[in-house]
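Peer 1: The structure is given below, and queries will be raised subsequently.
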Amino acid sequence: MAVAATSRARPRGRRTVPGSRAAYGYIAPFFVVFAAFSLYPWLDTAWVSLHNVRLTTYSHQQWVGLANYRNLFSNKFFYNALRNTLTIGIISTVPQLCLALGIAHLLNYRLRGRTFFRVAMLMPYATSLAAATVIFLELFDKDLGIVNWALQQVHLPRLDWQGSKWPSQVAVSAIVTWRWTGYNALIYLAGMQAIDSALYEAAAIDGASRWQQFRHVTIPGLRPTILFTIVVSTIGAAQLFGEPLLYHAGIPDGGTSNQYQTLGLLMYQQGWTNDRLGLASATAWTMFVIIVLAVAVNLLVSRRRDRRGSFPASPAVLEATR
Amino acid sequence: MTSTLAVAEPELVSIDHPVRRTARKPLQAGPGTYLALIAVTLLSVFPLYYTVVMASHTNAEMAARTPPLLPSGALFGNVRLALQLAPLNHGLINSLVVAGCISAGTVAFCTLAGFAFAKLRFRGRNVLLGICVATMMVPMQMGIIPLYLMMARLGLTNHIAAVILPTLVTAFGVFFMRQYLASAIPDELIEAGYVDGAGTFRVFRSIVLPAARPAMAVLAMLTFLTAWNDFFWPIIALSSQNPTVQVSFQSLATGYAPEQSIIMAGTLYGTVPVLVVFALLGKHIVGGIMQGAVKG
């Protein structure tokens, strides 16, 4: 990046270049909107979580200290939602990213109809989660769904994809996986195309097989990209909300025995069904802490594994995951 | 990427080799690769195709020993019934307004900020950009309750302005435009503008804006799609009386539809417009996502 202006040595450049003052005018619209509708609400969530707040009387917030947090941490629904968020997160993220890696590898061959395949694989991403969930709800229907019909054809038992715990979690994860696999495959593909071809040539000269090349050149070269997708997927999984909400016809209980209630859903239920906005804010902050911890664990694990190869890692991806 | 005057033809929408310098000559795909890709394509598209089938058959027909695999003409009648059940047309118009306003706002504000971060020197630039990048990681759910209370105070709940305002800018957009402008426009060109006596706004209008157009188009498409498909905040801020199309899916699915085919027909009706647009512009969106992956 020869154009990166920051590192250019220029004595007293800041004074002589026009626009040093005007620059604030250019960034002001962004930061004003951002501060009003993102930053302020994030911080205010912490304040609200220390109060008792009702929708009808939201202007009278009653100070309760840490009562909402005590309430939350002694609540079995919280631990149930935490467990469900974790398990659904794992069943939706792990297969999704593995599949995406394989698909990206396929797309990286010289192909006829390359654009067609790429666009087709992104159709699920273009489908809204609301539509996808309504559609999958019918595909997984106990009596009318094609999934149970297919199971029956291969002499497997029909499953209750709504009522039983693991099938329902798998079904919710299937929606997430269907929508996001193609998207992640494209991200991996972009990463693969940025790997220096000389590395493959060198590996081929050393007699590395296709698989060894994938294992020892592609995967290490993609490490920053993989890390990026893991972090983004973790954040997404921790906030999972729309799919499980619509999967039970818009009721935020996550199934009749809360078998797929996530933290996002619990927060919504506390706030808008039970009218306990303070408690819901406490859940929101707890979720944030969990996300930060999860991302930190991801980064620590990957940093320990990082063998610091000489691959041209995208600075932007690194920056975004720093 | 040395800065020759490549301003007229930035490669943003080229999806083949986003980084030409290091692009490896890909191996020719064998029949096995095609078979695997066709299988993946079918998995991606089948649920959408099958929605058309489900939308045109009654529950009894779907429960048959061998369920139908082809759509029928009953589809159109079912769409009409779905339109009576849920305010889908109202939702589509609202979604168009919402996603249009959000895209316009995001592209305008993020191009301005991206220009400043890429090409202007000012105190606190790196810190502010760092804040901007860091906040991409903070989830929207974090601030949802104060945001709702704010909208209630402003009297905007159940008004589409409540959905438009909070997402009028995105940190991703700023970063995306910054990365593009930093490499698409050589500093020499901008300095030449200053030497000719142009102010920053003149430089922005006459040099940056024309060069930024491809990136702005991609950002507009990505933002439109995200805004159109957003569910979490609209379902909280709006009601079924004044929904976006996503919110109207919820009232359709939870309403009193006598047959699943009607729910499917309505879902299809609300989804097809965006899928058609996507099929037409998909190439550019694919390019944008891949570009965003390499650059940000």
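Letters A, B, ... mark the chains of the structure tokens in the order given; residue numbers begin at 1 per chain; ligand numbers begin at 1, in order shown.
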List as a list in words the protein and nucleic acid residues near range 245-261 of chain A, meaning an atom at most 6 Å away when only C-alpha atoms are counted, but skip any in the same chain fewer than 5 places from it.
Peer 2: Ala81, Asn84, Lys165, Gln169 and Gln269 of chain A; Thr254 of chain B
Peer 1: Excluding Pro139 in chain B and any residue of its chain fewer than 4 positions from it, enumerate the residues within 10 Å of it, using only C-alpha atoms, and give them as a list in words.
Peer 2: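 After dropping sequence-adjacent residues, the list is Ser38, Trp42, Ile235, Gly236, Ala238, Gln239, Ala284, Met287, Phe288 and Ile291 of chain A; Thr135, Gly143 and Ile144 of chain B.
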Peer 1: Which is closest to Ser49 in chain A among A:Arg83, A:Leu72, A:Phe34, A:Tyr26, if we use only C-alpha atoms?
Peer 2: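 Looking only at the distances to Ser49 in chain A, the closest residue turns out to be A:Leu72.
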Peer 1: Applying 9 Å and only C-alpha atoms, which residues near Leu55 in chain A remain after dropping the ones on its own chain fewer than 5 positions away? List them as a list of chain:residue names.
Peer 2: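 Once the nearby chain positions are removed, what remains is A:Gly271, A:Trp272, A:Asp275, A:Arg276, A:Leu277, B:Leu149.
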Peer 1: Nearest residue to chain B out of A:Pro124, A:Gly207, A:Pro95, A:Gly113, using only C-alpha atoms?
Peer 2: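 Closest to chain B of all the choices is A:Pro124.
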Peer 1: Restricting the calculation to only C-alpha atoms: of B:Ala36, B:Leu168, B:Val218, B:Ala152, which residue gets closest to Met290 in chain B?
Peer 2: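 Residue with the minimum atom-to-atom distance to Met290 in chain B: B:Val218.
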Peer 1: What is the CA of Gly145 in chain A-CA of Leu48 in chain B distance in Å, reported with one decimal?
Peer 2: 14.3 Å
Peer 1: Go through B:Gly288, B:Gly282, B:Tyr49, B:Pro234 one by one, measure the shortest atom-to-atom distance of each to Arg118 in chain A using only C-alpha atoms, and give the residue with the smallest value.
Peer 2: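 Nearest candidate to Arg118 in chain A out of B:Gly288, B:Gly282, B:Tyr49, B:Pro234: B:Gly282.
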Peer 1: Quick one: residues within 8 Å of Lys142 in chain A, only C-alpha atoms, excluding same-chain residues fewer than 2 positions away - as a PyMOL selection string?
Peer 2: chain A and resi 140+144-145+148+158-162
Peer 1: Would you save the residues of that selection, restricted to N, CA and C atoms, as an mmCIF file, in the first residue's frame?
Peer 2:
data_model
loop_
_atom_site.group_PDB
_atom_site.id
_atom_site.type_symbol
_atom_site.label_atom_id
_atom_site.label_comp_id
_atom_site.auth_asym_id
_atom_site.auth_seq_id
_atom_site.Cartn_x
_atom_site.Cartn_y
_atom_site.Cartn_z
ATOM 1 N N PHE A 140 -39.506 -28.459 8.108
ATOM 2 C CA PHE A 140 -39.287 -29.319 9.274
ATOM 3 C C PHE A 140 -40.603 -29.701 9.952
ATOM 4 N N LEU A 144 -46.186 -32.452 7.735
ATOM 5 C CA LEU A 144 -46.217 -32.058 6.320
ATOM 6 C C LEU A 144 -44.836 -31.812 5.730
ATOM 7 N N GLY A 145 -43.830 -31.807 6.579
ATOM 8 C CA GLY A 145 -42.510 -31.372 6.108
ATOM 9 C C GLY A 145 -41.792 -32.414 5.276
ATOM 10 N N ASN A 148 -39.058 -34.817 7.261
ATOM 11 C CA ASN A 148 -39.538 -36.074 7.833
ATOM 12 C C ASN A 148 -39.903 -37.072 6.747
ATOM 13 N N ARG A 158 -39.378 -40.608 12.055
ATOM 14 C CA ARG A 158 -39.731 -39.199 11.922
ATOM 15 C C ARG A 158 -39.428 -38.504 13.245
ATOM 16 N N LEU A 159 -38.938 -37.276 13.160
ATOM 17 C CA LEU A 159 -38.585 -36.564 14.385
ATOM 18 C C LEU A 159 -39.554 -35.413 14.623
ATOM 19 N N ASP A 160 -39.685 -35.050 15.886
ATOM 20 C CA ASP A 160 -40.476 -33.872 16.246
ATOM 21 C C ASP A 160 -39.533 -32.669 16.269
ATOM 22 N N TRP A 161 -39.418 -32.016 15.126
ATOM 23 C CA TRP A 161 -38.419 -30.955 14.973
ATOM 24 C C TRP A 161 -38.783 -29.678 15.736
ATOM 25 N N GLN A 162 -39.997 -29.626 16.303
ATOM 26 C CA GLN A 162 -40.336 -28.461 17.124
ATOM 27 C C GLN A 162 -40.298 -28.813 18.613
#
